[in-house]
$ cat query.cif   # mmCIF, C-alpha atoms
data_data
#
loop_
_atom_site.label_atom_id
_atom_site.label_comp_id
_atom_site.auth_asym_id
_atom_site.auth_seq_id
_atom_site.Cartn_x
_atom_site.Cartn_y
_atom_site.Cartn_z
CA MET A 1 70.64 223.05 21.31
CA VAL A 2 67.78 222.82 23.80
CA HIS A 3 68.92 221.25 27.06
CA TRP A 4 66.57 220.12 29.81
CA TYR A 5 67.60 223.20 31.77
CA SER A 6 67.03 225.71 28.97
CA ASP A 7 63.32 224.99 28.46
CA LEU A 8 60.74 225.76 31.14
CA ALA A 9 58.55 222.70 30.53
CA ARG A 10 61.51 220.32 30.51
CA LEU A 11 63.02 221.89 33.60
CA TRP A 12 59.70 221.46 35.43
CA HIS A 13 59.57 217.83 34.32
CA ARG A 14 63.12 217.23 35.55
CA VAL A 15 62.38 218.70 38.99
CA TRP A 16 59.56 216.17 39.42
CA GLU A 17 61.66 213.31 38.06
CA GLU A 18 64.23 214.06 40.74
CA LEU A 19 61.54 214.16 43.45
CA ASP A 20 60.12 210.82 42.25
CA LEU A 21 63.63 209.33 42.26
CA GLY A 22 64.18 210.63 45.79
CA VAL A 23 61.11 208.80 47.07
CA ARG A 24 62.33 205.52 45.58
CA ASP A 25 66.10 205.67 46.02
CA PRO A 26 67.78 206.51 49.36
CA LYS A 27 70.99 207.47 47.55
CA MET A 28 69.43 210.35 45.60
CA ALA A 29 69.80 213.92 46.83
CA ALA A 30 66.04 214.48 46.76
CA ARG A 31 65.66 211.74 49.37
CA SER A 32 67.12 214.07 52.00
CA PRO A 33 65.88 217.64 51.57
CA VAL A 34 66.52 220.36 54.12
CA LEU A 35 63.30 221.55 55.72
CA ALA A 36 63.25 225.21 56.79
CA THR A 37 60.64 226.33 59.31
CA LEU A 38 60.00 229.29 61.56
CA GLY A 39 61.14 228.39 65.07
CA LEU A 40 58.95 229.07 68.10
CA GLY A 41 61.35 231.84 69.17
CA GLY A 42 61.01 233.56 65.79
CA ALA A 43 64.30 232.35 64.27
CA PRO A 44 64.50 230.25 61.10
CA GLU A 45 65.35 226.58 61.61
CA ALA A 46 66.71 223.99 59.17
CA ARG A 47 67.25 220.23 59.36
CA THR A 48 67.49 217.21 57.10
CA VAL A 49 64.28 215.24 56.59
CA VAL A 50 63.40 212.16 54.52
CA LEU A 51 61.13 212.51 51.49
CA ARG A 52 58.52 209.74 51.58
CA ASP A 53 56.05 210.63 48.84
CA ALA A 54 55.69 212.98 45.88
CA CYS A 55 52.48 213.68 43.93
CA ARG A 56 53.05 215.70 40.78
CA GLU A 57 49.35 216.08 39.95
CA GLU A 58 48.54 217.77 43.27
CA ALA A 59 52.05 219.20 43.77
CA ARG A 60 52.31 217.75 47.23
CA LEU A 61 55.19 216.10 49.12
CA ALA A 62 55.13 213.96 52.25
CA ILE A 63 57.59 213.54 55.12
CA HIS A 64 57.26 211.30 58.18
CA THR A 65 58.38 212.40 61.63
CA ASP A 66 57.94 211.97 65.38
CA SER A 67 54.94 214.01 66.52
CA ARG A 68 56.94 215.20 69.53
CA SER A 69 59.78 216.60 67.42
CA THR A 70 60.28 220.37 67.56
CA LYS A 71 59.40 220.77 63.88
CA CYS A 72 55.85 219.53 64.52
CA ALA A 73 55.27 222.22 67.13
CA GLU A 74 56.83 224.83 64.84
CA LEU A 75 54.68 223.82 61.86
CA ALA A 76 51.51 223.77 63.96
CA ALA A 77 52.23 227.40 64.92
CA HIS A 78 53.59 228.55 61.51
CA PRO A 79 52.59 226.26 58.62
CA LYS A 80 54.69 228.06 55.99
CA ALA A 81 57.70 225.94 55.11
CA SER A 82 60.40 225.53 52.51
CA LEU A 83 62.28 222.46 51.28
CA HIS A 84 65.75 222.74 49.72
CA ILE A 85 67.47 220.16 47.52
CA TRP A 86 70.88 220.42 45.91
CA GLU A 87 71.43 217.72 43.30
CA PRO A 88 75.17 217.73 42.50
CA ARG A 89 74.84 215.30 39.56
CA MET A 90 72.42 217.66 37.77
CA ARG A 91 73.93 220.83 39.29
CA LEU A 92 70.36 221.75 40.20
CA GLN A 93 69.13 223.60 43.28
CA THR A 94 65.40 223.18 43.89
CA ARG A 95 63.53 225.24 46.48
CA LEU A 96 59.94 224.27 47.21
CA ARG A 97 57.77 226.71 49.14
CA GLY A 98 54.33 226.08 50.54
CA HIS A 99 52.38 225.26 53.66
CA MET A 100 52.71 222.12 55.68
CA ALA A 101 49.88 220.14 57.26
CA VAL A 102 50.64 217.92 60.27
CA GLU A 103 48.52 214.77 60.63
CA THR A 104 48.65 212.13 63.37
CA GLY A 105 46.40 209.45 64.81
CA ALA A 106 43.56 207.77 62.92
CA ALA A 107 44.10 209.87 59.78
CA VAL A 108 47.54 208.35 59.17
CA ALA A 109 47.26 205.00 60.97
CA TRP A 110 46.95 203.15 57.64
CA LEU A 111 50.45 204.36 56.68
CA TRP A 112 52.06 202.92 59.84
CA GLY A 113 51.77 199.44 58.34
CA HIS A 114 54.07 200.54 55.51
CA VAL A 115 56.82 201.82 57.84
CA PRO A 116 59.64 199.22 57.88
CA ASP A 117 60.35 197.63 61.27
CA GLY A 118 63.85 199.12 61.30
CA SER A 119 62.44 202.64 60.95
CA ARG A 120 59.67 202.41 63.53
CA ALA A 121 61.98 203.17 66.46
CA SER A 122 62.31 206.71 65.04
CA TYR A 123 58.78 207.32 66.30
CA GLY A 124 58.94 207.03 70.05
CA VAL A 125 62.19 208.32 71.56
CA THR A 126 61.95 208.92 75.34
CA PRO A 127 62.50 211.57 76.57
CA ALA A 128 61.12 213.68 73.70
CA PRO A 129 63.59 214.85 71.01
CA GLY A 130 65.62 217.85 72.17
CA THR A 131 65.36 217.11 75.90
CA PRO A 132 68.73 217.54 77.72
CA ILE A 133 70.09 214.17 78.93
CA GLU A 134 73.04 213.25 81.18
CA THR A 135 74.94 211.07 78.72
CA ALA A 136 74.75 210.60 74.95
CA ASP A 137 72.99 207.25 75.38
CA ALA A 138 70.49 208.19 78.11
CA TYR A 139 67.41 207.67 75.97
CA GLN A 140 65.21 204.80 74.83
CA SER A 141 63.51 204.32 71.51
CA ALA A 142 60.46 202.08 71.29
CA PRO A 143 58.06 202.17 68.34
CA ASP A 144 54.92 204.13 69.25
CA PRO A 145 52.32 204.41 66.47
CA SER A 146 50.63 207.25 68.35
CA ARG A 147 53.73 209.36 67.70
CA PHE A 148 53.79 208.73 63.96
CA ALA A 149 53.18 212.04 62.15
CA VAL A 150 52.85 212.77 58.44
CA LEU A 151 53.84 216.21 57.20
CA THR A 152 52.29 217.14 53.84
CA LEU A 153 53.68 220.11 51.96
CA THR A 154 51.24 221.71 49.54
CA ILE A 155 53.65 223.42 47.17
CA GLU A 156 52.86 227.00 46.10
CA GLU A 157 56.17 227.83 44.38
CA ILE A 158 59.17 226.02 42.96
CA ASP A 159 62.38 228.00 42.43
CA ALA A 160 64.91 226.03 40.36
CA VAL A 161 68.49 227.14 39.63
CA HIS A 162 70.79 225.29 37.25
CA LEU A 163 74.52 226.04 37.38
CA SER A 164 76.43 225.51 34.17
CA GLY A 165 79.92 226.93 34.49
CA ASP A 166 79.53 230.67 34.85
CA HIS A 167 76.12 230.55 33.27
CA HIS A 168 73.21 230.16 35.66
CA ARG A 169 69.58 229.66 34.72
CA ARG A 170 66.81 230.27 37.22
CA ALA A 171 63.09 229.63 36.89
CA LEU A 172 60.07 230.18 39.12
CA PHE A 173 56.99 227.95 38.83
CA ARG A 174 53.82 228.93 40.69
CA ARG A 175 50.63 227.04 41.42
CA GLU A 176 48.58 230.17 40.75
CA ASP A 177 50.01 230.28 37.20
CA ASN A 178 49.22 226.60 36.74
CA TRP A 179 52.99 225.94 36.92
CA ARG A 180 53.65 227.64 33.58
CA GLY A 181 56.92 229.07 34.84
CA THR A 182 58.97 232.19 34.24
CA TRP A 183 62.70 232.82 34.03
CA LEU A 184 64.35 234.94 36.71
CA ALA A 185 67.69 236.71 36.80
CA PRO A 186 69.94 234.33 38.76
CA MET B 1 85.90 203.01 73.28
CA VAL B 2 85.58 206.79 73.08
CA HIS B 3 84.82 207.93 69.54
CA TRP B 4 84.97 211.55 68.41
CA TYR B 5 81.18 211.57 68.45
CA SER B 6 80.76 210.18 71.97
CA ASP B 7 82.68 212.91 73.76
CA LEU B 8 81.39 216.50 73.90
CA ALA B 9 84.80 218.18 73.63
CA ARG B 10 85.88 216.01 70.71
CA LEU B 11 82.58 216.47 68.91
CA TRP B 12 82.93 220.24 69.26
CA HIS B 13 86.47 220.02 67.88
CA ARG B 14 85.29 217.94 64.93
CA VAL B 15 82.54 220.42 64.03
CA TRP B 16 85.15 223.17 63.74
CA GLU B 17 87.58 220.96 61.83
CA GLU B 18 84.84 220.38 59.26
CA LEU B 19 84.11 224.13 59.04
CA ASP B 20 87.84 224.87 58.56
CA LEU B 21 88.03 222.19 55.86
CA GLY B 22 84.99 223.69 54.14
CA VAL B 23 86.67 227.10 53.88
CA ARG B 24 89.75 225.55 52.26
CA ASP B 25 88.33 222.74 50.09
CA PRO B 26 85.43 223.27 47.63
CA LYS B 27 84.70 219.53 47.67
CA MET B 28 83.82 219.39 51.37
CA ALA B 29 80.19 219.49 52.50
CA ALA B 30 80.85 222.41 54.83
CA ARG B 31 81.82 224.50 51.79
CA SER B 32 78.15 224.65 50.76
CA PRO B 33 75.85 225.07 53.77
CA VAL B 34 72.15 225.79 53.43
CA LEU B 35 71.27 229.21 54.82
CA ALA B 36 67.79 229.54 56.33
CA THR B 37 66.33 233.01 56.77
CA LEU B 38 62.95 234.56 57.45
CA GLY B 39 61.52 235.80 54.14
CA LEU B 40 60.03 239.26 53.78
CA GLY B 41 56.56 237.69 53.51
CA GLY B 42 57.03 235.83 56.80
CA ALA B 43 57.85 232.42 55.31
CA PRO B 44 61.13 230.59 55.95
CA GLU B 45 63.59 230.54 53.04
CA ALA B 46 66.56 228.26 52.33
CA ARG B 47 69.33 228.30 49.72
CA THR B 48 72.86 227.06 49.24
CA VAL B 49 75.64 229.52 50.07
CA VAL B 50 79.43 229.29 50.01
CA LEU B 51 81.37 229.32 53.28
CA ARG B 52 84.30 231.74 52.96
CA ASP B 53 85.73 232.04 56.46
CA ALA B 54 85.47 230.38 59.88
CA CYS B 55 86.82 231.74 63.16
CA ARG B 56 86.66 229.25 66.01
CA GLU B 57 87.87 231.71 68.67
CA GLU B 58 85.02 234.15 68.01
CA ALA B 59 82.58 231.49 66.72
CA ARG B 60 81.90 233.44 63.57
CA LEU B 61 81.42 232.38 59.95
CA ALA B 62 81.54 234.47 56.77
CA ILE B 63 79.68 234.21 53.45
CA HIS B 64 79.97 236.47 50.42
CA THR B 65 76.98 237.49 48.33
CA ASP B 66 75.49 240.07 45.98
CA SER B 67 74.13 242.98 48.04
CA ARG B 68 71.02 243.01 45.81
CA SER B 69 70.18 239.34 46.48
CA THR B 70 66.94 238.70 48.34
CA LYS B 71 68.77 237.21 51.32
CA CYS B 72 70.45 240.55 52.05
CA ALA B 73 67.09 242.30 52.30
CA GLU B 74 65.73 239.46 54.44
CA LEU B 75 68.71 239.55 56.82
CA ALA B 76 68.58 243.32 57.13
CA ALA B 77 64.94 242.98 58.29
CA HIS B 78 65.39 239.76 60.37
CA PRO B 79 69.03 239.11 61.33
CA LYS B 80 68.36 235.71 62.93
CA ALA B 81 69.65 232.95 60.67
CA SER B 82 70.56 229.30 60.65
CA LEU B 83 73.15 227.34 58.65
CA HIS B 84 72.74 223.63 57.97
CA ILE B 85 75.47 221.18 56.93
CA TRP B 86 75.13 217.45 56.30
CA GLU B 87 78.51 215.75 56.07
CA PRO B 88 77.86 212.25 54.64
CA ARG B 89 81.44 211.05 55.21
CA MET B 90 81.16 211.72 58.96
CA ARG B 91 77.38 211.11 59.09
CA LEU B 92 77.18 214.42 60.92
CA GLN B 93 74.44 217.05 60.71
CA THR B 94 75.52 220.45 62.03
CA ARG B 95 73.04 223.27 62.60
CA LEU B 96 74.47 226.68 63.45
CA ARG B 97 72.11 229.33 64.80
CA GLY B 98 72.87 232.99 65.36
CA HIS B 99 72.49 236.45 63.97
CA MET B 100 73.86 237.67 60.68
CA ALA B 101 75.44 241.06 60.01
CA VAL B 102 75.45 242.40 56.44
CA GLU B 103 78.40 244.60 55.48
CA THR B 104 79.07 246.36 52.17
CA GLY B 105 81.14 249.26 50.86
CA ALA B 106 84.26 250.57 52.52
CA ALA B 107 84.06 248.12 55.44
CA VAL B 108 84.61 245.13 53.12
CA ALA B 109 86.47 246.73 50.18
CA TRP B 110 89.76 245.20 51.36
CA LEU B 111 88.28 241.71 50.81
CA TRP B 112 87.34 242.40 47.17
CA GLY B 113 91.03 242.06 46.23
CA HIS B 114 90.93 238.45 47.44
CA VAL B 115 87.91 237.48 45.31
CA PRO B 116 89.19 235.46 42.31
CA ASP B 117 88.50 237.02 38.89
CA GLY B 118 86.28 234.08 37.93
CA SER B 119 84.02 234.70 40.93
CA ARG B 120 83.67 238.47 40.62
CA ALA B 121 80.87 238.26 38.05
CA SER B 122 78.67 236.83 40.85
CA TYR B 123 78.52 240.36 42.27
CA GLY B 124 76.75 242.45 39.68
CA VAL B 125 74.01 240.60 37.80
CA THR B 126 71.63 242.95 35.94
CA PRO B 127 68.68 242.99 36.42
CA ALA B 128 68.89 242.21 40.15
CA PRO B 129 68.64 238.54 41.23
CA GLY B 130 65.03 237.31 41.22
CA THR B 131 63.76 239.78 38.59
CA PRO B 132 61.51 238.10 35.97
CA ILE B 133 63.20 238.04 32.53
CA GLU B 134 61.94 237.05 29.06
CA THR B 135 64.44 234.29 28.34
CA ALA B 136 66.84 232.29 30.49
CA ASP B 137 69.83 234.26 29.17
CA ALA B 138 68.34 237.76 29.35
CA TYR B 139 70.76 239.05 31.96
CA GLN B 140 74.28 240.39 32.13
CA SER B 141 76.87 239.88 34.81
CA ALA B 142 79.66 242.40 35.21
CA PRO B 143 81.80 242.60 38.35
CA ASP B 144 80.67 245.48 40.55
CA PRO B 145 82.63 245.91 43.79
CA SER B 146 79.84 248.13 45.17
CA ARG B 147 77.58 245.06 45.20
CA PHE B 148 80.03 242.88 47.14
CA ALA B 149 78.47 242.01 50.52
CA VAL B 150 79.92 240.04 53.42
CA LEU B 151 77.50 238.19 55.70
CA THR B 152 78.95 237.39 59.12
CA LEU B 153 77.14 234.88 61.31
CA THR B 154 77.81 235.29 65.01
CA ILE B 155 76.97 231.80 66.24
CA GLU B 156 74.88 231.48 69.40
CA GLU B 157 74.15 227.73 69.27
CA ILE B 158 75.50 224.65 67.51
CA ASP B 159 73.25 221.57 67.33
CA ALA B 160 75.20 218.50 66.15
CA VAL B 161 73.67 215.09 65.39
CA HIS B 162 75.74 212.01 64.59
CA LEU B 163 74.01 209.02 63.01
CA SER B 164 75.54 205.63 63.71
CA GLY B 165 73.23 202.90 62.50
CA ASP B 166 70.15 203.09 64.69
CA HIS B 167 72.06 204.90 67.38
CA HIS B 168 71.95 208.68 67.16
CA ARG B 169 73.86 211.10 69.34
CA ARG B 170 72.89 214.75 69.59
CA ALA B 171 74.63 217.60 71.36
CA LEU B 172 73.89 221.29 71.87
CA PHE B 173 76.70 223.80 72.36
CA ARG B 174 75.85 227.35 73.42
CA ARG B 175 77.90 230.52 73.51
CA GLU B 176 76.32 231.50 76.83
CA ASP B 177 77.67 228.24 78.36
CA ASN B 178 81.09 228.96 76.90
CA TRP B 179 80.46 226.09 74.42
CA ARG B 180 80.65 223.45 77.17
CA GLY B 181 77.90 221.42 75.53
CA THR B 182 75.13 219.12 76.67
CA TRP B 183 73.65 215.93 75.23
CA LEU B 184 70.09 215.99 73.91
CA ALA B 185 67.65 213.19 73.18
CA PRO B 186 67.93 212.76 69.39
#

$ encode --input "query.cif" --output "structure tokens"
Amino acid sequence: MVHWYSDLARLWHRVWEELDLGVRDPKMAARSPVLATLGLGGAPEARTVVLRDACREEARLAIHTDSRSTKCAELAAHPKASLHIWEPRMRLQTRLRGHMAVETGAAVAWLWGHVPDGSRASYGVTPAPGTPIETADAYQSAPDPSRFAVLTLTIEEIDAVHLSGDHHRRALFRREDNWRGTWLAP
Amino acid sequence: MVHWYSDLARLWHRVWEELDLGVRDPKMAARSPVLATLGLGGAPEARTVVLRDACREEARLAIHTDSRSTKCAELAAHPKASLHIWEPRMRLQTRLRGHMAVETGAAVAWLWGHVPDGSRASYGVTPAPGTPIETADAYQSAPDPSRFAVLTLTIEEIDAVHLSGDHHRRALFRREDNWRGTWLAP
């Protein structure tokens, strides 16, 4: 029997279905990937982000963040990035590698109108994220459209691993192969 | 009212409680952290690993892996690493930064006896993990104690973020401060 995870084309399709679901449904695992970057001190960094858009045709993903967050400075210096998603329902680990563009200001101002009021305070914490403060509450958050940043990952590779009991299946899809895909030893 | 997440000492305690729970209970989020490393090509990498041991006194964590996995080669070249845990029940993101030691052979042979039979096949996939194969099933796994590797993270920093509605609290604990902790703007 051919399962979705035992056929390269169907596995590829399922990865993008999960990404599309993540954009639409906050409860899905793909809504909250872990973004790995290279820190300014040379060490790898990882944190949860929120997936805001997914374009299968261009193989691009979008994340919104505060332009003064550490990850923006890291990505400006080292644009290579990786997103990790573990979907327990599907028993599917998806790793998306590529390079991240950081856009702010006029280029992304049109998107600010789509940010819900309740989310706007995420863009404008004072002092800047990561600054030491005296007490846990010694910060203000006021929406600041000038601090709204869009991170766009242009995917170069997708590494997908499906766990089925003891039997693991692992595939690598690459842009340069037009996403044809190849199986890898898990 | 003082919650566990509004007091530095209690937050620190809770982080380690979750790590201890992760070692004992496969269902806990801390059982399956995301390990970020620096890839051999200079790009950050991230994948799920399994937490096997946690020592609060020394602030060390242990992970077991196949010595021929890519992460072992990456960590041998760049020992700086980061672990990421998102605990949805507590609404707590924990990021653990430090340097990872890779041990194999005689130094870790005593631990092999504690690896359950069902897990031993994870150490000995042929061809080596990440090798392209013709079909999804074109690999064998046979337990090979010589490929059993223990990764030990000596933690230097713990960055903990608690989400409570719109109100986020973020703390940084550092070994060099004897883990006293300081609040950060989130």

$ resolve_selection --input "query.cif" --expression "the PyMOL selection byres ((chain B and resi 88) around 12)" --output "PyMOL selection string"
(chain A and resi 27+29+32+48) or (chain B and resi 18+28-30+85-87+89-94+161-164)

$ closest_atom_pairs --input "query.cif" --of "region 82-186 of chain B" --to "region 132-155 of chain A" --cutoff "7 Å" --atoms "all atoms listed in the file" --output "JSON lines"
{"residue": "B:Arg169", "atom": "CA", "partner": "A:Ala136", "partner_atom": "CA", "distance": 5.7}
{"residue": "B:Thr182", "atom": "CA", "partner": "A:Pro132", "partner_atom": "CA", "distance": 6.7}
{"residue": "B:Trp183", "atom": "CA", "partner": "A:Ile133", "partner_atom": "CA", "distance": 5.4}
{"residue": "B:Leu184", "atom": "CA", "partner": "A:Pro132", "partner_atom": "CA", "distance": 4.3}
{"residue": "B:Ala185", "atom": "CA", "partner": "A:Tyr139", "partner_atom": "CA", "distance": 6.2}

$ atom_distance --input "query.cif" --atom1 "CA of Tyr5 (chain A)" --atom2 "CA of Leu19 (chain A)"
16.0 Å

$ atom_distance --input "query.cif" --atom1 "CA of Gly42 (chain B)" --atom2 "CA of Ile158 (chain A)"
17.1 Å

$ atom_distance --input "query.cif" --atom1 "CA of Arg68 (chain B)" --atom2 "CA of Arg56 (chain B)"
29.0 Å

$ closest_residue --input "query.cif" --among "A:Ala46, A:Leu21, A:Ala107, A:Val115" --to "Thr70 (chain A)" --atoms "only C-alpha atoms"
A:Ala46

$ closest_residue --input "query.cif" --among "A:Glu45, A:Glu17, A:Glu103, A:Asp117" --to "chain B" --atoms "only C-alpha atoms"
A:Glu45

$ closest_residue --input "query.cif" --among "A:Leu96, A:Val2, A:Ile63, A:Leu38" --to "chain B" --atoms "all atoms listed in the file"
A:Leu38

$ resolve_selection --input "query.cif" --expression "the PyMOL selection byres ((chain A and resi 79-83) around 8)" --output "PyMOL selection string"
(chain A and resi 33-38+74-78+84-85+95-101+153) or (chain B and resi 43-46)

$ resolve_selection --input "query.cif" --expression "the PyMOL selection byres ((chain A and resi 173) around 10)" --output "tab-separated table (two decimals) with C-alpha atoms, in the coordinates of the input"
chain	number	residue	atom	x	y	z
A	8	LEU	CA	60.74	225.76	31.14
A	9	ALA	CA	58.55	222.70	30.53
A	12	TRP	CA	59.70	221.46	35.43
A	96	LEU	CA	59.94	224.27	47.21
A	156	GLU	CA	52.86	227.00	46.10
A	157	GLU	CA	56.17	227.83	44.38
A	158	ILE	CA	59.17	226.02	42.96
A	159	ASP	CA	62.38	228.00	42.43
A	160	ALA	CA	64.91	226.03	40.36
A	171	ALA	CA	63.09	229.63	36.89
A	172	LEU	CA	60.07	230.18	39.12
A	174	ARG	CA	53.82	228.93	40.69
A	175	ARG	CA	50.63	227.04	41.42
A	176	GLU	CA	48.58	230.17	40.75
A	177	ASP	CA	50.01	230.28	37.20
A	178	ASN	CA	49.22	226.60	36.74
A	179	TRP	CA	52.99	225.94	36.92
A	180	ARG	CA	53.65	227.64	33.58
A	181	GLY	CA	56.92	229.07	34.84
A	182	THR	CA	58.97	232.19	34.24
A	183	TRP	CA	62.70	232.82	34.03

$ residues_near_point --input "query.cif" --point "(63.3, 215.3, 68.8)" --cutoff "10 Å" --atoms "all atoms listed in the file" --output "JSON, numbers by chain"
{"A": [65, 66, 67, 68, 69, 70, 71, 72, 122, 123, 124, 125, 126, 127, 128, 129, 130, 131], "B": [170, 184, 185, 186]}

$ residues_around --input "query.cif" --residues "Trp4 (chain B)" --least-positions-apart "5" --cutoff "8 Å" --atoms "only C-alpha atoms" --output "PyMOL selection string"
chain B and resi 10-11+14

$ closest_residue --input "query.cif" --among "A:Ala54, A:Val102, A:Val49, A:Ala109" --to "chain B" --atoms "all atoms listed in the file"
A:Val49

$ axis_aligned_box --input "query.cif" --around "region 110-119 of chain B" --padding-each-side "3 Å" --output "AutoDock Vina command-line options"
--center_x 87.5 --center_y 239.6 --center_z 44.6 --size_x 13.0 --size_y 17.1 --size_z 19.4

$ decode --input "query.cif" --residues "region 55-69 of chain B" --atoms "N, CA, C and O atoms" --output "PDB file, in the first residue's frame"
ATOM      1  N   CYS B  55      21.288  17.045  34.906  1.00  0.00           N
ATOM      2  CA  CYS B  55      21.944  17.205  36.206  1.00  0.00           C
ATOM      3  C   CYS B  55      21.916  18.679  36.597  1.00  0.00           C
ATOM      4  O   CYS B  55      22.643  19.502  36.020  1.00  0.00           O
ATOM      5  N   ARG B  56      21.049  19.003  37.549  1.00  0.00           N
ATOM      6  CA  ARG B  56      20.876  20.392  37.968  1.00  0.00           C
ATOM      7  C   ARG B  56      22.140  20.930  38.641  1.00  0.00           C
ATOM      8  O   ARG B  56      22.519  22.076  38.427  1.00  0.00           O
ATOM      9  N   GLU B  57      22.796  20.102  39.466  1.00  0.00           N
ATOM     10  CA  GLU B  57      23.959  20.570  40.218  1.00  0.00           C
ATOM     11  C   GLU B  57      25.073  21.044  39.281  1.00  0.00           C
ATOM     12  O   GLU B  57      25.711  22.062  39.519  1.00  0.00           O
ATOM     13  N   GLU B  58      25.293  20.288  38.204  1.00  0.00           N
ATOM     14  CA  GLU B  58      26.364  20.651  37.266  1.00  0.00           C
ATOM     15  C   GLU B  58      25.828  21.437  36.078  1.00  0.00           C
ATOM     16  O   GLU B  58      26.620  21.879  35.227  1.00  0.00           O
ATOM     17  N   ALA B  59      24.512  21.573  35.984  1.00  0.00           N
ATOM     18  CA  ALA B  59      23.867  22.215  34.825  1.00  0.00           C
ATOM     19  C   ALA B  59      24.334  21.576  33.524  1.00  0.00           C
ATOM     20  O   ALA B  59      24.876  22.242  32.629  1.00  0.00           O
ATOM     21  N   ARG B  60      24.119  20.280  33.459  1.00  0.00           N
ATOM     22  CA  ARG B  60      24.469  19.517  32.261  1.00  0.00           C
ATOM     23  C   ARG B  60      23.277  18.677  31.813  1.00  0.00           C
ATOM     24  O   ARG B  60      22.486  18.225  32.642  1.00  0.00           O
ATOM     25  N   LEU B  61      23.186  18.472  30.494  1.00  0.00           N
ATOM     26  CA  LEU B  61      22.138  17.638  29.912  1.00  0.00           C
ATOM     27  C   LEU B  61      22.796  16.615  28.989  1.00  0.00           C
ATOM     28  O   LEU B  61      23.838  16.894  28.411  1.00  0.00           O
ATOM     29  N   ALA B  62      22.158  15.449  28.855  1.00  0.00           N
ATOM     30  CA  ALA B  62      22.714  14.413  27.972  1.00  0.00           C
ATOM     31  C   ALA B  62      21.695  13.943  26.944  1.00  0.00           C
ATOM     32  O   ALA B  62      20.499  13.839  27.225  1.00  0.00           O
ATOM     33  N   ILE B  63      22.214  13.675  25.747  1.00  0.00           N
ATOM     34  CA  ILE B  63      21.455  13.198  24.588  1.00  0.00           C
ATOM     35  C   ILE B  63      22.244  12.030  24.010  1.00  0.00           C
ATOM     36  O   ILE B  63      23.475  12.067  24.013  1.00  0.00           O
ATOM     37  N   HIS B  64      21.534  11.012  23.512  1.00  0.00           N
ATOM     38  CA  HIS B  64      22.221   9.899  22.857  1.00  0.00           C
ATOM     39  C   HIS B  64      21.983   9.977  21.356  1.00  0.00           C
ATOM     40  O   HIS B  64      20.889  10.340  20.920  1.00  0.00           O
ATOM     41  N   THR B  65      22.989   9.612  20.585  1.00  0.00           N
ATOM     42  CA  THR B  65      22.803   9.642  19.126  1.00  0.00           C
ATOM     43  C   THR B  65      23.751   8.663  18.452  1.00  0.00           C
ATOM     44  O   THR B  65      24.627   8.071  19.091  1.00  0.00           O
ATOM     45  N   ASP B  66      23.555   8.512  17.145  1.00  0.00           N
ATOM     46  CA  ASP B  66      24.421   7.693  16.304  1.00  0.00           C
ATOM     47  C   ASP B  66      25.680   8.513  16.006  1.00  0.00           C
ATOM     48  O   ASP B  66      25.584   9.653  15.548  1.00  0.00           O
ATOM     49  N   SER B  67      26.845   7.926  16.257  1.00  0.00           N
ATOM     50  CA  SER B  67      28.101   8.685  16.071  1.00  0.00           C
ATOM     51  C   SER B  67      28.321   9.082  14.605  1.00  0.00           C
ATOM     52  O   SER B  67      29.125   9.971  14.325  1.00  0.00           O
ATOM     53  N   ARG B  68      27.596   8.442  13.675  1.00  0.00           N
ATOM     54  CA  ARG B  68      27.757   8.813  12.263  1.00  0.00           C
ATOM     55  C   ARG B  68      26.680   9.794  11.797  1.00  0.00           C
ATOM     56  O   ARG B  68      26.583  10.097  10.608  1.00  0.00           O
ATOM     57  N   SER B  69      25.859  10.295  12.718  1.00  0.00           N
ATOM     58  CA  SER B  69      24.873  11.314  12.341  1.00  0.00           C
ATOM     59  C   SER B  69      25.598  12.630  12.061  1.00  0.00           C
ATOM     60  O   SER B  69      26.678  12.903  12.596  1.00  0.00           O
TER      61      SER B  69
END
